[in-house]
Amino acid sequence: MSFVNTGKQVQHLISMHRLGTEEKVTNLLKELGYEFPVIAVRPAMQFNSRYLSKDGSHWKLGAHQDWRTGQGSLDSIVLWFPLIDCGEALGALQVIPGSHTWGLMSADTSGYTGSIQENLKEEDFIQTEFEVGDLLIFSAFLIHQSGNNVTQNIRWSIQLRYNNMNEETFIERGFPMPYIYRPEADLVTPNFPVKEQIEQVFA
């Protein structure tokens, strides 16, 4: 549990958030036509492994489109890059080239990302291969899925998502933000803290 929580805390590092606003990144967004880029969701540190997944929902995602979870501008994009060399054995992304023009696909929204229910041909998916330093930029409408990590290693990667504040339909829809962050209703650590512990902090 401590290992997984440490990985999650990385998403809240100041350096992680600086990465999302790094000049090289914002200049890249401008080159892609973003006059007014905005961060869609907080930067995500992803560490995928069957040995860390409680219910199997995160380590190997089925075919999906990231737009469904963000519902931002129609030209919203994802920047994904590995922190280790990542190929087929480690379960690198599999994508369907050109599928970002197919529109929003019907999906089962009960899961984390909304698994596409329409018939897709496995042979249409292209296996990607990455080395440290590579960057994958894709439309949030691109159909993609996780490969099968057959190793005992973790697939470490970072994902950044952006919306375009100047995109016409995003403006018309009032800049929706359906990605909800909310606190736990109950104490994560039962009976913590006690009064004496707080007194020690402020002594």
# chains A, B, ... in the order shown; residues from 1 in each chain; ligands from 1
>>> select_by_dssp(residues="range 2-203 of chain A", states="alpha helix (DSSP H)", output="PyMOL selection string")
chain A and resi 2-9+14-20+23-31+67-70+168-172+195-201
>>> residues_around(residues="range 80-92 of chain A", least_positions_apart="6", cutoff="10 Å", atoms="only C-alpha atoms", output="PyMOL selection string")
chain A and resi 44-49+59-60+127-138+145-161
>>> select_by_dssp(residues="range 3-181 of chain A", states="strand (DSSP E)", output="PyMOL selection string")
chain A and resi 37-39+44-48+77-82+94-95+107-108+115-116+126-127+136-139+144-145+155-164
>>> write_last_selection(atoms="N, CA, C and O atoms", output="compact mmCIF listing (two decimals), in the first residue's frame")
# COMPACT_ATOMS: atom_id res chain seq x y z
N PRO A 37 -3.91 27.26 -24.38
CA PRO A 37 -3.96 25.93 -23.78
C PRO A 37 -4.28 25.99 -22.29
O PRO A 37 -3.92 26.94 -21.60
N VAL A 38 -4.97 24.98 -21.81
CA VAL A 38 -5.27 24.87 -20.39
C VAL A 38 -5.10 23.40 -20.00
O VAL A 38 -5.39 22.49 -20.78
N ILE A 39 -4.58 23.17 -18.81
CA ILE A 39 -4.40 21.81 -18.32
C ILE A 39 -5.77 21.19 -18.04
O ILE A 39 -6.58 21.76 -17.31
N ALA A 44 -0.55 12.96 -14.57
CA ALA A 44 -0.74 11.60 -14.06
C ALA A 44 0.54 10.79 -14.18
O ALA A 44 1.11 10.66 -15.26
N MET A 45 1.00 10.27 -13.05
CA MET A 45 2.08 9.30 -13.04
C MET A 45 1.42 7.92 -13.10
O MET A 45 0.62 7.57 -12.25
N GLN A 46 1.74 7.18 -14.13
CA GLN A 46 1.12 5.86 -14.31
C GLN A 46 2.16 4.77 -14.07
O GLN A 46 3.25 4.81 -14.63
N PHE A 47 1.80 3.83 -13.22
CA PHE A 47 2.69 2.70 -12.96
C PHE A 47 1.85 1.43 -13.05
O PHE A 47 1.15 1.05 -12.14
N ASN A 48 1.91 0.83 -14.24
CA ASN A 48 1.02 -0.28 -14.58
C ASN A 48 1.70 -1.63 -14.41
O ASN A 48 2.74 -1.89 -14.99
N ILE A 77 -5.81 17.16 -26.47
CA ILE A 77 -4.73 16.24 -26.78
C ILE A 77 -4.11 15.65 -25.51
O ILE A 77 -4.28 16.18 -24.41
N VAL A 78 -3.40 14.57 -25.73
CA VAL A 78 -2.71 13.86 -24.66
C VAL A 78 -1.23 13.79 -25.00
O VAL A 78 -0.86 13.48 -26.14
N LEU A 79 -0.39 14.11 -24.03
CA LEU A 79 1.05 13.92 -24.17
C LEU A 79 1.42 12.75 -23.26
O LEU A 79 1.18 12.80 -22.05
N TRP A 80 1.98 11.71 -23.84
CA TRP A 80 2.32 10.50 -23.08
C TRP A 80 3.78 10.16 -23.36
O TRP A 80 4.21 10.13 -24.51
N PHE A 81 4.51 9.95 -22.30
CA PHE A 81 5.90 9.54 -22.50
C PHE A 81 6.35 8.58 -21.41
O PHE A 81 5.94 8.69 -20.25
N PRO A 82 7.16 7.60 -21.78
CA PRO A 82 7.63 6.59 -20.84
C PRO A 82 8.82 7.08 -20.03
O PRO A 82 9.61 7.90 -20.50
N GLN A 94 -1.24 0.33 -27.66
CA GLN A 94 -1.62 -0.12 -28.99
C GLN A 94 -2.68 0.85 -29.50
O GLN A 94 -3.63 1.15 -28.80
N VAL A 95 -2.49 1.37 -30.70
CA VAL A 95 -3.37 2.42 -31.22
C VAL A 95 -3.92 2.04 -32.59
O VAL A 95 -3.33 1.23 -33.31
N ALA A 107 -19.71 3.35 -25.47
CA ALA A 107 -18.83 2.71 -24.50
C ALA A 107 -19.58 2.32 -23.24
O ALA A 107 -20.61 2.91 -22.90
N ASP A 108 -19.05 1.32 -22.54
CA ASP A 108 -19.54 0.93 -21.23
C ASP A 108 -18.90 1.88 -20.22
O ASP A 108 -17.70 1.84 -20.01
N SER A 115 -15.02 1.47 -21.60
CA SER A 115 -14.54 0.52 -22.60
C SER A 115 -15.45 0.55 -23.83
O SER A 115 -16.67 0.46 -23.72
N ILE A 116 -14.85 0.70 -24.99
CA ILE A 116 -15.62 0.78 -26.24
C ILE A 116 -16.33 -0.55 -26.50
O ILE A 116 -15.72 -1.62 -26.43
N ILE A 126 -2.05 -0.97 -33.86
CA ILE A 126 -0.61 -0.94 -34.10
C ILE A 126 0.11 -0.93 -32.76
O ILE A 126 -0.20 -0.13 -31.88
N GLN A 127 1.08 -1.82 -32.60
CA GLN A 127 1.87 -1.86 -31.37
C GLN A 127 2.93 -0.77 -31.41
O GLN A 127 3.70 -0.67 -32.36
N LEU A 136 4.79 10.70 -27.19
CA LEU A 136 3.63 10.38 -28.02
C LEU A 136 2.58 11.46 -27.80
O LEU A 136 2.17 11.72 -26.68
N ILE A 137 2.18 12.11 -28.89
CA ILE A 137 1.13 13.13 -28.83
C ILE A 137 -0.05 12.61 -29.63
O ILE A 137 0.10 12.23 -30.80
N PHE A 138 -1.22 12.57 -29.01
CA PHE A 138 -2.37 12.07 -29.76
C PHE A 138 -3.66 12.77 -29.35
O PHE A 138 -3.79 13.30 -28.24
N SER A 139 -4.61 12.77 -30.27
CA SER A 139 -5.93 13.33 -30.01
C SER A 139 -6.62 12.51 -28.93
O SER A 139 -6.47 11.29 -28.85
N HIS A 144 -7.29 3.68 -28.37
CA HIS A 144 -6.06 3.01 -27.96
C HIS A 144 -6.36 2.08 -26.79
O HIS A 144 -7.41 2.16 -26.15
N GLN A 145 -5.43 1.20 -26.52
CA GLN A 145 -5.56 0.26 -25.42
C GLN A 145 -4.18 -0.10 -24.90
O GLN A 145 -3.17 0.14 -25.56
N ARG A 155 5.38 -0.70 -15.84
CA ARG A 155 5.43 0.25 -16.96
C ARG A 155 5.23 1.65 -16.40
O ARG A 155 4.12 2.05 -16.07
N TRP A 156 6.32 2.39 -16.25
CA TRP A 156 6.28 3.74 -15.69
C TRP A 156 6.12 4.75 -16.82
O TRP A 156 6.87 4.74 -17.79
N SER A 157 5.15 5.64 -16.69
CA SER A 157 4.95 6.67 -17.71
C SER A 157 4.26 7.88 -17.10
O SER A 157 3.73 7.82 -15.97
N ILE A 158 4.28 8.98 -17.83
CA ILE A 158 3.60 10.20 -17.40
C ILE A 158 2.64 10.62 -18.50
O ILE A 158 2.94 10.53 -19.69
N GLN A 159 1.47 11.08 -18.08
CA GLN A 159 0.47 11.54 -19.03
C GLN A 159 0.04 12.96 -18.69
O GLN A 159 -0.27 13.26 -17.53
N LEU A 160 0.04 13.82 -19.69
CA LEU A 160 -0.42 15.20 -19.55
C LEU A 160 -1.56 15.42 -20.54
O LEU A 160 -1.46 15.01 -21.70
N ARG A 161 -2.62 16.06 -20.09
CA ARG A 161 -3.76 16.33 -20.98
C ARG A 161 -4.05 17.83 -21.04
O ARG A 161 -3.96 18.52 -20.02
N TYR A 162 -4.42 18.28 -22.23
CA TYR A 162 -4.67 19.71 -22.42
C TYR A 162 -5.95 19.93 -23.23
O TYR A 162 -6.29 19.14 -24.11
N ASN A 163 -6.63 21.04 -22.90
CA ASN A 163 -7.76 21.52 -23.68
C ASN A 163 -7.38 22.86 -24.30
O ASN A 163 -6.48 23.55 -23.83
N ASN A 164 -8.12 23.21 -25.33
CA ASN A 164 -7.93 24.49 -26.01
C ASN A 164 -9.10 25.42 -25.66
O ASN A 164 -10.23 25.20 -26.09
>>> atom_distance(atom1="CA of His64 in chain A", atom2="CA of Val41 in chain A")
17.4 Å
>>> residues_around(residues="Gly72 in chain A", least_positions_apart="3", cutoff="9 Å", atoms="only C-alpha atoms", output="ChimeraX atom specification")
/A:40,67-69,75-76,162-164,170,175-178
>>> residues_around(residues="Phe141 in chain A", least_positions_apart="2", cutoff="7 Å", atoms="only C-alpha atoms", output="list in words")
Gln65, Asp66, Trp67, His100, Leu104, Ser139 and Ile143 of chain A
>>> atom_distance(atom1="CA of Gly62 in chain A", atom2="CA of Tyr179 in chain A")
19.8 Å
>>> closest_residue(among="A:Ser73, A:Ser99, A:Gln117, A:Ser106", to="Glu167 in chain A", atoms="only C-alpha atoms")
A:Ser73
>>> atom_distance(atom1="CA of Glu123 in chain A", atom2="CA of Leu142 in chain A")
16.0 Å
